[in-house]
Protein chains: 2
Amino acid sequence: MPGRRDNQEIEHFVERFAQVLVDSGMPRIASRIAITIMTTDEGRLTAAELAERLHASPAAISGGVRYLTQVGIAQRGRDRGSRRDHYAIQDDWLYQTIAQRDSILARWSSGLHDGARAVGEDTPAGRRFAESVEFFEFLRKEMEGVLDRWEDHRRSRA
Amino acid sequence: MPGRRDNQEIEHFVERFAQVLVDSGMPRIASRIAITIMTTDEGRLTAAELAERLHASPAAISGGVRYLTQVGIAQRGRDRGSRRDHYAIQDDWLYQTIAQRDSILARWSSGLHDGARAVGEDTPAGRRFAESVEFFEFLRKEMEGVLDRWEDHRRSRA
DNA sequence: CGCTGATTTCACAATTTTGTGAAGCTTCGG
DNA sequence: CCGAAGCTTCACAAAATTGTGAAATCAGCG
């Protein structure tokens with residue numbers, strides 16, 4: 001029967017793509033949780049469902065969702081009449097994650113600025129640092145534009 | 001005496017900025033090596049000099065420079081008449097590092113594409129994945145433009 | 001209120017990462 | 001060729017990360 005969900009294939013996908021996110025610095029359990037939720041049509045799961053699908057302990061789920069809610073990727077919620085929390089991700093959480101990279105670029109930029117000061121702005125090494133600062137500042141400005149254009153693109157498609 | 005190199009301040013800077021790179025996924029020792037070389041006016045150091053400045057073993061240096069040369073950040077070289085290799089970084093190694101992110105975006109994109117297939121392209125979850133694929137493909141195209149504009153900007157300034 | 005199920009916290013175990021010391025290999029100069 | 005300096009490799013130790021089990025806490029319902 002085509003169109004039937006193949007849970008084993010989904011599990012495989014989750015583990016594989018989780019590694020991609022882990023390589024980008026997201027904690028493993030948080031990556032697995034976020035992707036697993038993303039594979040559901042509703043975009044939400046309870047802690048117990050997550051524990052079952054991921055073969056992980058409630059403690060691990062607890063830690064993972066804490067991370068995800070703190071960085072704004074997931075929100076906790078609870079249905080009326082239920083005792084279980086559920087966790088939902090925004091449809092555009094990957095976009096949000098990329099958008100938040102601006103603060104990372106800022107960190108690089110200011111770090112490099114410190115480098116220029118440390119070695120002396122008027123030295124060859126200092127000029128090398130200054131050049132890098134410029135590059136990262138350029139990047140930050142450009143990324144703004146890129147994200148704006150994506151918004152336009154997306155809206156114009158709807 | 002102003003303009004004198006303050007080695008202790010430079011050491012502090014190296015360790016601090018190394019953490020920034022580590023958070024972006026670069027191995028610690030490689031980060032420290034790359035930044036230390038960057039703080040020299042010549043843009044190059046020998047393995048022995050690196051070991052001394054970083055208080056690290058020759059083995060650690062060996063592993064670090066192997067990483068750096070493999071990813072194209074540093075090149076090994078040797079002066080005529082010397083027995084020591086030295087390691088140099090490109091002035092634009094940070095630019096190169098960012099430019100290489102394209103392959104990372106590609107990995108995300110293809111991973112998300114797999115996700116759409118795994119859950120079924122015609123499901124709500126599948127559409128969510130498809131949207132993300134589009135976003136990352138958009139990003140890849142835009143980044144090309146951004147880097148080109150940086151090149152122009154840089155050239156026009158020289 | 002007190003019971004029950006859900007979630008969090010905490011100490012610890014398993015795993016992974018990272019760097020060291022020592023031995024081995026390579027290369028160059030004599 | 002030989003000696004020595006420099007570099008690499010390998011087995012292991014130290015440290016950090018990550019997830020578990022069990023106990024504690026919390027929340028809603030009767």
# chains A, B, ... in the order shown; residues from 1 in each chain; ligands from 1

$ residues_around --residues "C:DT17" --least-positions-apart "5" --cutoff "10 Å" --atoms "only C-alpha atoms (C1' of nucleotides)" --output "PyMOL selection string"
(chain B and resi 27) or (chain D and resi 15-17)

$ calpha_fit_and_write --fixed "chain B" --moving "chain A" --output "short mmCIF file (atom, residue, chain, number, x, y, z; two decimals) with N, CA and C atoms, in the first residue's frame"
data_model
loop_
_atom_site.label_atom_id
_atom_site.label_comp_id
_atom_site.auth_asym_id
_atom_site.auth_seq_id
_atom_site.Cartn_x
_atom_site.Cartn_y
_atom_site.Cartn_z
N MET A 1 56.03 51.29 26.80
CA MET A 1 56.26 51.46 25.36
C MET A 1 55.06 50.96 24.56
N PRO A 2 54.33 51.85 23.96
CA PRO A 2 53.15 51.43 23.20
C PRO A 2 53.58 50.74 21.91
N GLY A 3 52.75 49.82 21.45
CA GLY A 3 53.08 49.12 20.23
C GLY A 3 53.87 47.84 20.47
N ARG A 4 54.38 47.66 21.65
CA ARG A 4 55.09 46.43 22.01
C ARG A 4 54.07 45.31 22.12
N ARG A 5 54.40 44.16 21.60
CA ARG A 5 53.47 43.03 21.67
C ARG A 5 53.33 42.57 23.12
N ASP A 6 52.12 42.45 23.56
CA ASP A 6 51.86 41.95 24.91
C ASP A 6 51.49 40.48 24.78
N ASN A 7 52.50 39.64 24.98
CA ASN A 7 52.28 38.22 24.70
C ASN A 7 51.21 37.59 25.56
N GLN A 8 51.11 38.09 26.77
CA GLN A 8 50.08 37.50 27.63
C GLN A 8 48.69 37.85 27.13
N GLU A 9 48.53 39.09 26.69
CA GLU A 9 47.22 39.46 26.17
C GLU A 9 46.90 38.66 24.91
N ILE A 10 47.92 38.43 24.09
CA ILE A 10 47.70 37.65 22.88
C ILE A 10 47.29 36.22 23.24
N GLU A 11 47.98 35.67 24.23
CA GLU A 11 47.60 34.31 24.67
C GLU A 11 46.15 34.26 25.11
N HIS A 12 45.77 35.25 25.89
CA HIS A 12 44.37 35.31 26.33
C HIS A 12 43.43 35.36 25.15
N PHE A 13 43.75 36.22 24.21
CA PHE A 13 42.90 36.34 23.03
C PHE A 13 42.79 35.01 22.29
N VAL A 14 43.93 34.34 22.12
CA VAL A 14 43.92 33.07 21.39
C VAL A 14 42.96 32.08 22.05
N GLU A 15 43.06 31.96 23.35
CA GLU A 15 42.21 30.98 24.03
C GLU A 15 40.74 31.36 23.93
N ARG A 16 40.49 32.66 24.04
CA ARG A 16 39.10 33.09 24.00
C ARG A 16 38.50 32.88 22.61
N PHE A 17 39.23 33.27 21.60
CA PHE A 17 38.67 33.14 20.25
C PHE A 17 38.65 31.68 19.80
N ALA A 18 39.57 30.91 20.32
CA ALA A 18 39.56 29.47 19.98
C ALA A 18 38.21 28.88 20.38
N GLN A 19 37.70 29.31 21.51
CA GLN A 19 36.42 28.76 21.96
C GLN A 19 35.31 29.08 20.96
N VAL A 20 35.37 30.25 20.37
CA VAL A 20 34.38 30.61 19.36
C VAL A 20 34.43 29.61 18.20
N LEU A 21 35.64 29.31 17.78
CA LEU A 21 35.78 28.37 16.66
C LEU A 21 35.37 26.96 17.07
N VAL A 22 35.74 26.58 18.29
CA VAL A 22 35.36 25.25 18.77
C VAL A 22 33.84 25.11 18.75
N ASP A 23 33.15 26.17 19.19
CA ASP A 23 31.69 26.13 19.18
C ASP A 23 31.14 25.98 17.77
N SER A 24 31.94 26.33 16.79
CA SER A 24 31.50 26.17 15.41
C SER A 24 31.94 24.84 14.82
N GLY A 25 32.51 24.00 15.66
CA GLY A 25 32.82 22.65 15.21
C GLY A 25 34.27 22.36 14.88
N MET A 26 35.15 23.35 15.02
CA MET A 26 36.55 23.05 14.73
C MET A 26 37.21 22.43 15.97
N PRO A 27 38.04 21.41 15.79
CA PRO A 27 38.72 20.81 16.94
C PRO A 27 39.53 21.86 17.70
N ARG A 28 39.61 21.70 19.02
CA ARG A 28 40.23 22.73 19.84
C ARG A 28 41.67 23.02 19.43
N ILE A 29 42.47 21.97 19.32
CA ILE A 29 43.88 22.22 19.06
C ILE A 29 44.07 22.89 17.70
N ALA A 30 43.25 22.50 16.74
CA ALA A 30 43.35 23.11 15.41
C ALA A 30 42.98 24.58 15.47
N SER A 31 41.96 24.90 16.23
CA SER A 31 41.57 26.30 16.38
C SER A 31 42.70 27.11 16.98
N ARG A 32 43.28 26.57 18.05
CA ARG A 32 44.34 27.32 18.73
C ARG A 32 45.53 27.53 17.79
N ILE A 33 45.85 26.52 17.02
CA ILE A 33 46.97 26.64 16.09
C ILE A 33 46.69 27.71 15.04
N ALA A 34 45.53 27.63 14.43
CA ALA A 34 45.21 28.57 13.35
C ALA A 34 45.26 30.01 13.86
N ILE A 35 44.67 30.23 15.03
CA ILE A 35 44.63 31.60 15.54
C ILE A 35 46.02 32.07 15.94
N THR A 36 46.79 31.18 16.54
CA THR A 36 48.14 31.57 16.94
C THR A 36 48.96 31.99 15.73
N ILE A 37 48.87 31.23 14.66
CA ILE A 37 49.59 31.61 13.45
C ILE A 37 49.10 32.97 12.96
N MET A 38 47.80 33.16 13.07
CA MET A 38 47.22 34.42 12.59
C MET A 38 47.74 35.63 13.36
N THR A 39 48.15 35.40 14.59
CA THR A 39 48.63 36.55 15.37
C THR A 39 50.07 36.93 15.05
N THR A 40 50.73 36.16 14.18
CA THR A 40 52.11 36.51 13.83
C THR A 40 52.11 37.38 12.58
N ASP A 41 53.03 38.29 12.51
CA ASP A 41 53.09 39.16 11.35
C ASP A 41 53.40 38.38 10.08
N GLU A 42 54.19 37.33 10.23
CA GLU A 42 54.58 36.56 9.05
C GLU A 42 53.50 35.58 8.61
N GLY A 43 52.56 35.28 9.51
CA GLY A 43 51.51 34.32 9.15
C GLY A 43 52.03 32.91 9.06
N ARG A 44 53.08 32.60 9.77
CA ARG A 44 53.61 31.24 9.75
C ARG A 44 54.41 30.97 11.02
N LEU A 45 54.42 29.70 11.41
CA LEU A 45 55.19 29.28 12.58
C LEU A 45 55.63 27.85 12.36
N THR A 46 56.71 27.46 13.05
CA THR A 46 57.12 26.06 12.99
C THR A 46 56.38 25.27 14.06
N ALA A 47 56.45 23.96 13.91
CA ALA A 47 55.79 23.09 14.88
C ALA A 47 56.32 23.33 16.29
N ALA A 48 57.65 23.51 16.38
CA ALA A 48 58.23 23.71 17.71
C ALA A 48 57.74 25.02 18.33
N GLU A 49 57.66 26.06 17.51
CA GLU A 49 57.16 27.34 18.04
C GLU A 49 55.73 27.20 18.51
N LEU A 50 54.95 26.48 17.74
CA LEU A 50 53.55 26.28 18.12
C LEU A 50 53.47 25.52 19.44
N ALA A 51 54.26 24.46 19.55
CA ALA A 51 54.23 23.67 20.78
C ALA A 51 54.57 24.54 21.98
N GLU A 52 55.55 25.41 21.80
CA GLU A 52 55.95 26.25 22.92
C GLU A 52 54.86 27.25 23.28
N ARG A 53 54.35 27.95 22.26
CA ARG A 53 53.36 28.99 22.56
C ARG A 53 52.07 28.41 23.11
N LEU A 54 51.75 27.21 22.69
CA LEU A 54 50.46 26.65 23.13
C LEU A 54 50.60 25.72 24.32
N HIS A 55 51.82 25.53 24.79
CA HIS A 55 52.05 24.57 25.87
C HIS A 55 51.42 23.23 25.52
N ALA A 56 51.67 22.78 24.32
CA ALA A 56 51.09 21.51 23.87
C ALA A 56 52.21 20.60 23.39
N SER A 57 51.93 19.33 23.35
CA SER A 57 52.94 18.36 22.94
C SER A 57 53.11 18.36 21.42
N PRO A 58 54.29 17.94 20.96
CA PRO A 58 54.49 17.83 19.50
C PRO A 58 53.41 16.95 18.86
N ALA A 59 52.98 15.94 19.59
CA ALA A 59 51.96 15.05 19.03
C ALA A 59 50.67 15.82 18.76
N ALA A 60 50.30 16.65 19.70
CA ALA A 60 49.07 17.42 19.53
C ALA A 60 49.20 18.37 18.35
N ILE A 61 50.36 19.00 18.22
CA ILE A 61 50.58 19.90 17.09
C ILE A 61 50.49 19.12 15.78
N SER A 62 51.10 17.97 15.78
CA SER A 62 51.07 17.15 14.57
C SER A 62 49.64 16.86 14.13
N GLY A 63 48.82 16.46 15.09
CA GLY A 63 47.43 16.17 14.77
C GLY A 63 46.69 17.41 14.30
N GLY A 64 46.95 18.51 14.95
CA GLY A 64 46.26 19.75 14.60
C GLY A 64 46.60 20.24 13.21
N VAL A 65 47.87 20.24 12.87
CA VAL A 65 48.24 20.74 11.55
C VAL A 65 47.79 19.77 10.45
N ARG A 66 47.73 18.50 10.79
CA ARG A 66 47.20 17.56 9.80
C ARG A 66 45.77 17.94 9.45
N TYR A 67 44.97 18.20 10.48
CA TYR A 67 43.60 18.63 10.25
C TYR A 67 43.56 19.90 9.39
N LEU A 68 44.37 20.89 9.80
CA LEU A 68 44.30 22.18 9.12
C LEU A 68 44.74 22.08 7.66
N THR A 69 45.74 21.26 7.38
CA THR A 69 46.15 21.14 5.99
C THR A 69 45.11 20.36 5.19
N GLN A 70 44.51 19.37 5.82
CA GLN A 70 43.52 18.58 5.09
C GLN A 70 42.31 19.40 4.69
N VAL A 71 41.88 20.30 5.56
CA VAL A 71 40.72 21.11 5.19
C VAL A 71 41.13 22.38 4.43
N GLY A 72 42.42 22.49 4.15
CA GLY A 72 42.86 23.57 3.28
C GLY A 72 43.07 24.91 3.96
N ILE A 73 43.08 24.91 5.28
CA ILE A 73 43.27 26.17 6.00
C ILE A 73 44.74 26.53 6.09
N ALA A 74 45.60 25.52 6.26
CA ALA A 74 47.03 25.78 6.39
C ALA A 74 47.79 25.02 5.31
N GLN A 75 49.00 25.50 5.02
CA GLN A 75 49.88 24.73 4.16
C GLN A 75 51.20 24.48 4.87
N ARG A 76 51.71 23.31 4.63
CA ARG A 76 53.00 22.97 5.17
C ARG A 76 54.08 23.46 4.21
N GLY A 77 55.20 23.88 4.76
CA GLY A 77 56.29 24.30 3.89
C GLY A 77 57.60 24.12 4.62
N ARG A 78 58.69 24.30 3.91
CA ARG A 78 59.98 24.20 4.58
C ARG A 78 60.96 25.14 3.90
N ASP A 79 61.68 25.90 4.71
CA ASP A 79 62.67 26.81 4.15
C ASP A 79 63.89 26.02 3.71
N ARG A 80 64.53 26.52 2.64
CA ARG A 80 65.76 25.88 2.20
C ARG A 80 66.78 25.94 3.33
N GLY A 81 67.47 24.83 3.56
CA GLY A 81 68.50 24.81 4.58
C GLY A 81 67.97 24.55 5.97
N SER A 82 66.67 24.51 6.12
CA SER A 82 66.12 24.22 7.43
C SER A 82 65.63 22.78 7.46
N ARG A 83 65.57 22.28 8.64
CA ARG A 83 65.06 20.93 8.80
C ARG A 83 63.65 20.94 9.35
N ARG A 84 63.20 22.14 9.71
CA ARG A 84 61.88 22.22 10.34
C ARG A 84 60.83 22.58 9.31
N ASP A 85 59.70 21.93 9.40
CA ASP A 85 58.55 22.38 8.61
C ASP A 85 58.00 23.64 9.23
N HIS A 86 57.39 24.48 8.43
CA HIS A 86 56.61 25.56 9.02
C HIS A 86 55.21 25.48 8.43
N TYR A 87 54.31 26.08 9.14
CA TYR A 87 52.92 26.03 8.73
C TYR A 87 52.43 27.45 8.53
N ALA A 88 51.77 27.68 7.42
CA ALA A 88 51.28 29.02 7.09
C ALA A 88 49.78 28.96 6.86
N ILE A 89 49.10 30.01 7.21
CA ILE A 89 47.68 30.09 6.87
C ILE A 89 47.50 31.16 5.80
N GLN A 90 46.47 31.00 5.01
CA GLN A 90 46.10 32.02 4.04
C GLN A 90 45.55 33.21 4.81
N ASP A 91 45.80 34.41 4.29
CA ASP A 91 45.21 35.58 4.94
C ASP A 91 43.68 35.48 4.97
N ASP A 92 43.12 34.84 3.97
CA ASP A 92 41.65 34.81 3.89
C ASP A 92 41.06 33.47 4.33
N TRP A 93 41.71 32.83 5.28
CA TRP A 93 41.23 31.49 5.64
C TRP A 93 39.83 31.53 6.25
N LEU A 94 39.48 32.62 6.90
CA LEU A 94 38.12 32.67 7.45
C LEU A 94 37.10 32.79 6.31
N TYR A 95 37.45 33.58 5.33
CA TYR A 95 36.59 33.65 4.14
C TYR A 95 36.42 32.27 3.52
N GLN A 96 37.54 31.58 3.34
CA GLN A 96 37.48 30.25 2.74
C GLN A 96 36.60 29.31 3.57
N THR A 97 36.74 29.44 4.87
CA THR A 97 35.95 28.58 5.75
C THR A 97 34.46 28.82 5.55
N ILE A 98 34.08 30.09 5.47
CA ILE A 98 32.68 30.41 5.25
C ILE A 98 32.24 29.93 3.87
N ALA A 99 33.10 30.14 2.89
CA ALA A 99 32.74 29.75 1.53
C ALA A 99 32.47 28.24 1.45
N GLN A 100 33.22 27.50 2.24
CA GLN A 100 33.04 26.04 2.21
C GLN A 100 31.73 25.60 2.85
N ARG A 101 31.05 26.54 3.49
CA ARG A 101 29.77 26.17 4.10
C ARG A 101 28.75 25.74 3.07
N ASP A 102 28.98 26.07 1.83
CA ASP A 102 28.03 25.65 0.81
C ASP A 102 27.79 24.16 0.87
N SER A 103 28.86 23.41 1.10
CA SER A 103 28.68 21.96 1.12
C SER A 103 27.85 21.54 2.34
N ILE A 104 27.94 22.35 3.40
CA ILE A 104 27.11 22.04 4.56
C ILE A 104 25.65 22.30 4.25
N LEU A 105 25.39 23.42 3.62
CA LEU A 105 24.01 23.71 3.23
C LEU A 105 23.47 22.62 2.32
N ALA A 106 24.34 22.13 1.44
CA ALA A 106 23.90 21.07 0.53
C ALA A 106 23.53 19.82 1.31
N ARG A 107 24.29 19.56 2.34
CA ARG A 107 24.02 18.38 3.15
C ARG A 107 22.67 18.52 3.86
N TRP A 108 22.42 19.68 4.41
CA TRP A 108 21.12 19.92 5.04
C TRP A 108 20.01 19.72 4.02
N SER A 109 20.20 20.34 2.88
CA SER A 109 19.17 20.30 1.86
C SER A 109 18.84 18.87 1.45
N SER A 110 19.88 18.10 1.20
CA SER A 110 19.60 16.74 0.72
C SER A 110 19.05 15.89 1.85
N GLY A 111 19.49 16.16 3.08
CA GLY A 111 18.91 15.45 4.21
C GLY A 111 17.43 15.71 4.33
N LEU A 112 17.07 16.96 4.18
CA LEU A 112 15.65 17.32 4.30
C LEU A 112 14.84 16.72 3.16
N HIS A 113 15.47 16.64 2.01
CA HIS A 113 14.79 16.02 0.88
C HIS A 113 14.49 14.55 1.20
N ASP A 114 15.47 13.88 1.79
CA ASP A 114 15.25 12.50 2.21
C ASP A 114 14.07 12.42 3.18
N GLY A 115 13.97 13.42 4.06
CA GLY A 115 12.87 13.44 5.02
C GLY A 115 11.53 13.50 4.33
N ALA A 116 11.44 14.35 3.33
CA ALA A 116 10.18 14.46 2.60
C ALA A 116 9.80 13.11 1.99
N ARG A 117 10.79 12.44 1.45
CA ARG A 117 10.51 11.14 0.84
C ARG A 117 10.09 10.13 1.91
N ALA A 118 10.77 10.18 3.06
CA ALA A 118 10.49 9.19 4.10
C ALA A 118 9.06 9.31 4.64
N VAL A 119 8.60 10.53 4.83
CA VAL A 119 7.26 10.68 5.39
C VAL A 119 6.18 10.71 4.32
N GLY A 120 6.60 10.84 3.06
CA GLY A 120 5.62 10.93 1.98
C GLY A 120 5.45 12.37 1.54
N GLU A 121 5.72 12.63 0.29
CA GLU A 121 5.74 14.01 -0.19
C GLU A 121 4.36 14.67 -0.11
N ASP A 122 3.32 13.85 -0.13
CA ASP A 122 1.98 14.41 -0.21
C ASP A 122 1.29 14.48 1.15
N THR A 123 2.08 14.49 2.21
CA THR A 123 1.52 14.60 3.55
C THR A 123 1.85 15.98 4.11
N PRO A 124 1.18 16.40 5.15
CA PRO A 124 1.55 17.68 5.77
C PRO A 124 3.00 17.71 6.20
N ALA A 125 3.47 16.62 6.81
CA ALA A 125 4.87 16.58 7.21
C ALA A 125 5.78 16.69 5.99
N GLY A 126 5.41 16.01 4.92
CA GLY A 126 6.20 16.05 3.70
C GLY A 126 6.29 17.45 3.14
N ARG A 127 5.16 18.17 3.19
CA ARG A 127 5.18 19.54 2.67
C ARG A 127 6.07 20.43 3.54
N ARG A 128 6.07 20.14 4.85
CA ARG A 128 6.95 20.92 5.73
C ARG A 128 8.41 20.70 5.35
N PHE A 129 8.75 19.46 5.08
CA PHE A 129 10.13 19.18 4.66
C PHE A 129 10.45 19.86 3.34
N ALA A 130 9.50 19.79 2.42
CA ALA A 130 9.74 20.37 1.10
C ALA A 130 10.01 21.87 1.21
N GLU A 131 9.26 22.50 2.09
CA GLU A 131 9.45 23.94 2.30
C GLU A 131 10.87 24.23 2.78
N SER A 132 11.35 23.40 3.69
CA SER A 132 12.69 23.60 4.22
C SER A 132 13.74 23.39 3.15
N VAL A 133 13.51 22.37 2.31
CA VAL A 133 14.45 22.15 1.22
C VAL A 133 14.55 23.40 0.37
N GLU A 134 13.39 23.95 0.07
CA GLU A 134 13.38 25.16 -0.75
C GLU A 134 14.18 26.28 -0.10
N PHE A 135 14.01 26.41 1.21
CA PHE A 135 14.72 27.47 1.93
C PHE A 135 16.22 27.29 1.81
N PHE A 136 16.67 26.08 1.99
CA PHE A 136 18.11 25.87 1.94
C PHE A 136 18.66 26.02 0.52
N GLU A 137 17.89 25.63 -0.45
CA GLU A 137 18.34 25.84 -1.82
C GLU A 137 18.42 27.34 -2.13
N PHE A 138 17.43 28.05 -1.61
CA PHE A 138 17.44 29.51 -1.76
C PHE A 138 18.71 30.09 -1.14
N LEU A 139 19.00 29.65 0.07
CA LEU A 139 20.18 30.12 0.78
C LEU A 139 21.45 29.87 -0.03
N ARG A 140 21.56 28.66 -0.57
CA ARG A 140 22.77 28.35 -1.32
C ARG A 140 22.96 29.30 -2.49
N LYS A 141 21.87 29.53 -3.21
CA LYS A 141 21.98 30.45 -4.36
C LYS A 141 22.38 31.84 -3.88
N GLU A 142 21.75 32.28 -2.81
CA GLU A 142 22.02 33.64 -2.34
C GLU A 142 23.46 33.79 -1.85
N MET A 143 23.96 32.75 -1.19
CA MET A 143 25.32 32.85 -0.65
C MET A 143 26.34 33.06 -1.76
N GLU A 144 26.11 32.41 -2.88
CA GLU A 144 26.97 32.66 -4.03
C GLU A 144 27.07 34.15 -4.31
N GLY A 145 25.91 34.78 -4.40
CA GLY A 145 25.88 36.20 -4.69
C GLY A 145 26.59 37.02 -3.62
N VAL A 146 26.34 36.66 -2.38
CA VAL A 146 26.96 37.39 -1.27
C VAL A 146 28.48 37.34 -1.38
N LEU A 147 29.00 36.15 -1.64
CA LEU A 147 30.46 36.01 -1.71
C LEU A 147 31.02 36.77 -2.92
N ASP A 148 30.30 36.73 -4.03
CA ASP A 148 30.74 37.51 -5.19
C ASP A 148 30.80 38.99 -4.85
N ARG A 149 29.77 39.46 -4.18
CA ARG A 149 29.75 40.89 -3.84
C ARG A 149 30.90 41.24 -2.91
N TRP A 150 31.23 40.32 -2.00
CA TRP A 150 32.38 40.57 -1.12
C TRP A 150 33.67 40.70 -1.94
N GLU A 151 33.83 39.81 -2.89
CA GLU A 151 35.03 39.88 -3.74
C GLU A 151 35.10 41.24 -4.42
N ASP A 152 33.98 41.67 -5.00
CA ASP A 152 33.95 42.97 -5.66
C ASP A 152 34.33 44.07 -4.67
N HIS A 153 33.67 44.03 -3.54
CA HIS A 153 33.88 45.03 -2.50
C HIS A 153 35.36 45.12 -2.14
N ARG A 154 35.94 43.94 -1.97
CA ARG A 154 37.32 43.88 -1.54
C ARG A 154 38.27 44.41 -2.63
N ARG A 155 37.99 43.98 -3.84
CA ARG A 155 38.85 44.42 -4.94
C ARG A 155 38.76 45.93 -5.11
N SER A 156 37.54 46.43 -5.06
CA SER A 156 37.34 47.86 -5.32
C SER A 156 37.98 48.72 -4.24
N ARG A 157 38.34 48.12 -3.15
CA ARG A 157 38.92 48.88 -2.05
C ARG A 157 40.44 48.97 -2.20
N ALA A 158 40.99 48.05 -2.97
CA ALA A 158 42.45 47.97 -3.07
C ALA A 158 43.02 48.99 -4.04
#

$ closest_atom_pairs --of "chain D" --to "chain A" --cutoff "9 Å" --atoms "only C-alpha atoms (C1' of nucleotides)" --output "JSON lines"
{"residue": "D:DT18", "atom": "C1'", "partner": "A:Arg28", "partner_atom": "CA", "distance": 8.4}
{"residue": "D:DG19", "atom": "C1'", "partner": "A:Ala60", "partner_atom": "CA", "distance": 6.1}
{"residue": "D:DT20", "atom": "C1'", "partner": "A:Ser57", "partner_atom": "CA", "distance": 6.9}
{"residue": "D:DA27", "atom": "C1'", "partner": "A:Arg83", "partner_atom": "CA", "distance": 8.0}
{"residue": "D:DG28", "atom": "C1'", "partner": "A:Arg83", "partner_atom": "CA", "distance": 7.3}

$ write_last_selection --atoms "N, CA and C atoms (P, O5', C5', C4', C3', O3' and C1' of nucleotides)" --output "PDB file, in the first residue's frame"
ATOM      1  P    DT D  18      27.021  16.718  24.497  1.00  0.00           P
ATOM      2  O5'  DT D  18      26.367  15.365  25.011  1.00  0.00           O
ATOM      3  C5'  DT D  18      26.923  14.136  24.554  1.00  0.00           C
ATOM      4  C4'  DT D  18      26.090  12.983  25.061  1.00  0.00           C
ATOM      5  C3'  DT D  18      24.606  13.334  25.260  1.00  0.00           C
ATOM      6  O3'  DT D  18      23.842  12.315  24.655  1.00  0.00           O
ATOM      7  C1'  DT D  18      25.513  12.409  27.247  1.00  0.00           C
ATOM      8  P    DG D  19      22.264  12.299  24.689  1.00  0.00           P
ATOM      9  O5'  DG D  19      21.975  11.149  25.739  1.00  0.00           O
ATOM     10  C5'  DG D  19      22.300   9.804  25.401  1.00  0.00           C
ATOM     11  C4'  DG D  19      22.068   8.927  26.598  1.00  0.00           C
ATOM     12  C3'  DG D  19      20.611   8.854  27.063  1.00  0.00           C
ATOM     13  O3'  DG D  19      20.292   7.495  27.315  1.00  0.00           O
ATOM     14  C1'  DG D  19      22.003   9.498  28.855  1.00  0.00           C
ATOM     15  P    DT D  20      18.780   7.086  27.718  1.00  0.00           P
ATOM     16  O5'  DT D  20      19.018   6.379  29.122  1.00  0.00           O
ATOM     17  C5'  DT D  20      20.136   5.507  29.290  1.00  0.00           C
ATOM     18  C4'  DT D  20      20.258   5.128  30.749  1.00  0.00           C
ATOM     19  C3'  DT D  20      18.907   4.851  31.421  1.00  0.00           C
ATOM     20  O3'  DT D  20      18.925   3.558  32.000  1.00  0.00           O
ATOM     21  C1'  DT D  20      20.172   6.454  32.670  1.00  0.00           C
ATOM     22  P    DA D  27       3.114  22.831  39.642  1.00  0.00           P
ATOM     23  O5'  DA D  27       1.956  21.938  39.030  1.00  0.00           O
ATOM     24  C5'  DA D  27       2.224  21.122  37.900  1.00  0.00           C
ATOM     25  C4'  DA D  27       0.951  20.401  37.522  1.00  0.00           C
ATOM     26  C3'  DA D  27      -0.315  21.204  37.827  1.00  0.00           C
ATOM     27  O3'  DA D  27      -1.230  20.966  36.782  1.00  0.00           O
ATOM     28  C1'  DA D  27      -0.352  19.185  39.058  1.00  0.00           C
ATOM     29  P    DG D  28      -2.535  21.844  36.669  1.00  0.00           P
ATOM     30  O5'  DG D  28      -3.682  20.749  36.751  1.00  0.00           O
ATOM     31  C5'  DG D  28      -3.681  19.697  35.793  1.00  0.00           C
ATOM     32  C4'  DG D  28      -4.463  18.526  36.336  1.00  0.00           C
ATOM     33  C3'  DG D  28      -5.922  18.851  36.652  1.00  0.00           C
ATOM     34  O3'  DG D  28      -6.692  17.758  36.177  1.00  0.00           O
ATOM     35  C1'  DG D  28      -4.917  17.897  38.526  1.00  0.00           C
TER      36       DG D  28
END

$ interface_residues --of "chain C" --to "chain B" --cutoff "8 Å" --atoms "only C-alpha atoms (C1' of nucleotides)" --output "list in words"
DG19, DT20 and DC28 of chain C

$ write_last_selection --atoms "N, CA and C atoms (P, O5', C5', C4', C3', O3' and C1' of nucleotides)" --output "PDB file, in the first residue's frame"
ATOM      1  P    DG C  19      43.068  18.871  22.227  1.00  0.00           P
ATOM      2  O5'  DG C  19      44.172  18.112  23.088  1.00  0.00           O
ATOM      3  C5'  DG C  19      44.320  18.440  24.458  1.00  0.00           C
ATOM      4  C4'  DG C  19      45.324  17.489  25.077  1.00  0.00           C
ATOM      5  C3'  DG C  19      46.747  17.614  24.522  1.00  0.00           C
ATOM      6  O3'  DG C  19      47.657  17.664  25.614  1.00  0.00           O
ATOM      7  C1'  DG C  19      46.012  15.379  24.396  1.00  0.00           C
ATOM      8  P    DT C  20      49.195  17.923  25.349  1.00  0.00           P
ATOM      9  O5'  DT C  20      49.864  16.658  26.048  1.00  0.00           O
ATOM     10  C5'  DT C  20      49.330  16.189  27.293  1.00  0.00           C
ATOM     11  C4'  DT C  20      49.947  14.834  27.614  1.00  0.00           C
ATOM     12  C3'  DT C  20      51.443  14.753  27.298  1.00  0.00           C
ATOM     13  O3'  DT C  20      52.144  14.339  28.459  1.00  0.00           O
ATOM     14  C1'  DT C  20      50.256  12.957  26.269  1.00  0.00           C
ATOM     15  P    DC C  28      64.938  16.113   2.916  1.00  0.00           P
ATOM     16  O5'  DC C  28      66.223  16.899   3.448  1.00  0.00           O
ATOM     17  C5'  DC C  28      66.124  17.610   4.675  1.00  0.00           C
ATOM     18  C4'  DC C  28      67.464  17.585   5.377  1.00  0.00           C
ATOM     19  C3'  DC C  28      68.654  17.868   4.451  1.00  0.00           C
ATOM     20  O3'  DC C  28      69.474  18.829   5.073  1.00  0.00           O
ATOM     21  C1'  DC C  28      69.047  15.929   5.710  1.00  0.00           C
TER      22       DC C  28
END
